[in-house]
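Enquirer: My questions all concern the structure below.
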Amino acid sequence: MASDKLLDTLYQKVANDEDARTCTDISDAACREVPGNFFRIISANTLTKIGDLLINPKTVLAWLIGAVGAPASLAGLLVPIRESGSLIPQLMIGALVRRYPVRKGFWVLGAALQGVAVLGMAAVVWWLDGLQAGLGVIGLLVLFSISRGFCSVAMKDVQGKCIPKSRRGRLTGLSATLSGALTFALTLLLFRGDSDPSMLFYSALLAGAGVAWLVAALVFWRVDEYPGASEGGSNALKEAWASLSLLKTDRPFRRFVLARALLMASSLASPFLVLLAQDQSELALMLGSFVLASSLASAVSATVWGYMADSSSRAVMIRGGALAALVCLGAGGLSLSGWQPDGVHWFYPGAFFVLAIAHAGVRIGRKTYMVDMAGGTKRTDYTAVSNTVIGVLLLVVGVFSAAVATLGNDWALVVLGGMGAAGVLCAISLKTV
């Protein structure tokens with residue numbers, strides 16, 4: 001077909017493959033489907049990342065809580081629910097998914113449920129207000145986050161079976177770059193005005209995000225996945241607890257989880273950098289700059305990180321983590337010294353931009369490392385165990401960093417910068433995969 005030939009041609013340009021020599025860790029049958037699968041996965045990822053922008057809990061949902069007249073305290077629940085709610089259940093989800101030789105259906109299910117949850121949010125903010133609307137958004141966000149766990153577990157396994165090892169980093173990078181460029185354009189379009197958005201605007205925004213996830217589910221359903229290894233008993237909880245033994249028996253995996261836990265400082269630091277800017281300026285004048293900086297950082301850096309990860313995902317984790325630690329220690333240290341930049345409207349969004357680039361490197365590096373370090377059923381176990389542990393630690397470290405922030409947002413940045421530096425040292429000790 002003409003479309004298949006076009007995908008083959010585009011893939012050759014992206015992957016620079018002259019033959020099937022790169023398919024050393026997937027079957028010959030799966031290798032023949034790589035070009036089509038490569039772009040289907042990128043398309044599905046791009047759609048979900050656009051949806052993520054449209055319901056970003058740090059911006060859109062936080063504004064929405066205030067816009068519907070719900071208690072401001074509910075806004076503090078958004079980020080923990082969004083992150084930990086999708087990670088903690090993955091131990092159970094992984095025990096379920098690993099029983100099935102074909103697992104793309106779990107990603108499709110997760111994406112469809114996320115779309116339904118977001119469409120429900122659109123209805124809630126249109127029909128309800130006050131506390132009822134706020135609680136409705138929170139409840140649907142719980143469903144959204146749990147559904148996201150299915151996508152996280154299934155994606156790494158499907159990608160590991162459908163895309164050769166030396167091409168996974170650039171797939172992740174290209175997906176992030178494309179979505180970053182599109183979300184940058186959407187941000188300029190949607191937030192170009194200086195007036196408060198109406199309820200119709202919020203409902204349409206959420207409805208658009210919900211449709212993006214539903215379309216992504218349809219695209220991913222067309223991925224050609226061949227059966228792989230499967231095992232598991234009749235008791236998912238028993239299998240889940242058994243998987244935890246990997247932290248005790250598998251030293252390389254345990255060290256990776258420790259490095260990932262310490263490097264999550266790159267994501268936890270972002271709100272404190274925004275709050276530090278708020279302390280020294282009017283956040284309303286800078287909010288658009290922060291949203292644009294985040295999208296632009298992904299667009300300009302993710303593909304570079306992705307290609308680098310194909311050579312050494314460990315090196316990408318180290319470089320991204322080091323850059324994030326430097327930004328946190330630098331911004332926090334300068335604030336503690338009493339220095340205030342003259343161009344505050346440029347300095348903090350600029351620092352946020354660099355931090356977002358660093359976080360993109362950490363994220364792409366550790367995702368690629370995770371997929372490359374294991375095969376078969378073990379890949380699903382690694383994903384489920386590490387994500388569940390990280391989900392719990394996110395809550396713990398989040399509470400700790402919030403407590404430190406009572407001394408000042410600059411102190412929180414310094415502490416997280418030190419945590420990131422420790423993560424770099426831990427990542428240096430990892431084996432190259």
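To be explicit about the labels: the chains of the structure tokens are called A, B, and onward in the order shown, and within each one the residues are counted from 1, while ligands get numbers from 1 in the order they are shown.
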Please report as JSON lines every residue of segment 106-206 of chain A lying within 7 Å of segment 41-64 of chain A, along with the nearest atom pair and their distance in Å (one decimal), using only C-alpha atoms.
Expert:
```
{"residue": "A:Leu171", "atom": "CA", "partner": "A:Ile42", "partner_atom": "CA", "distance": 6.6}
{"residue": "A:Ser175", "atom": "CA", "partner": "A:Ile42", "partner_atom": "CA", "distance": 5.1}
{"residue": "A:Leu178", "atom": "CA", "partner": "A:Thr46", "partner_atom": "CA", "distance": 6.8}
{"residue": "A:Ser179", "atom": "CA", "partner": "A:Thr46", "partner_atom": "CA", "distance": 4.9}
{"residue": "A:Thr183", "atom": "CA", "partner": "A:Ile50", "partner_atom": "CA", "distance": 6.0}
{"residue": "A:Leu205", "atom": "CA", "partner": "A:Leu54", "partner_atom": "CA", "distance": 6.2}
{"residue": "A:Leu206", "atom": "CA", "partner": "A:Ile55", "partner_atom": "CA", "distance": 6.6}
```
Enquirer: Could you give me, as a count of residues only, the residues within 9 Å of Ala259 of chain A, counting only C-alpha atoms and dropping anything in the same chain fewer than 5 positions from it?
Expert: 9
Enquirer: Please, which residues of segment 79-304 of chain A, numbered as in this document, come out alpha helix (DSSP H) from DSSP, as an NGL selection string?
Expert: :A and (79-87 or 90-97 or 104-127 or 130-162 or 168-190 or 199-221 or 236-243 or 246-249 or 251-263 or 265-280 or 283-304)
Enquirer: When you draw a straight line from atom CA of Ser294 of chain A to atom CA of Leu263 of chain A, how long is it in Å?
Expert: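 Separation between atom CA of Ser294 of chain A and atom CA of Leu263 of chain A: 18.3 Å.
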Enquirer: Between A:Val371, A:Ala356, A:Val291, A:Leu87, which one has atoms that come closest to Ser313 of chain A, using only C-alpha atoms?
Expert: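 Of all the options, A:Val371 lies closest to Ser313 of chain A.
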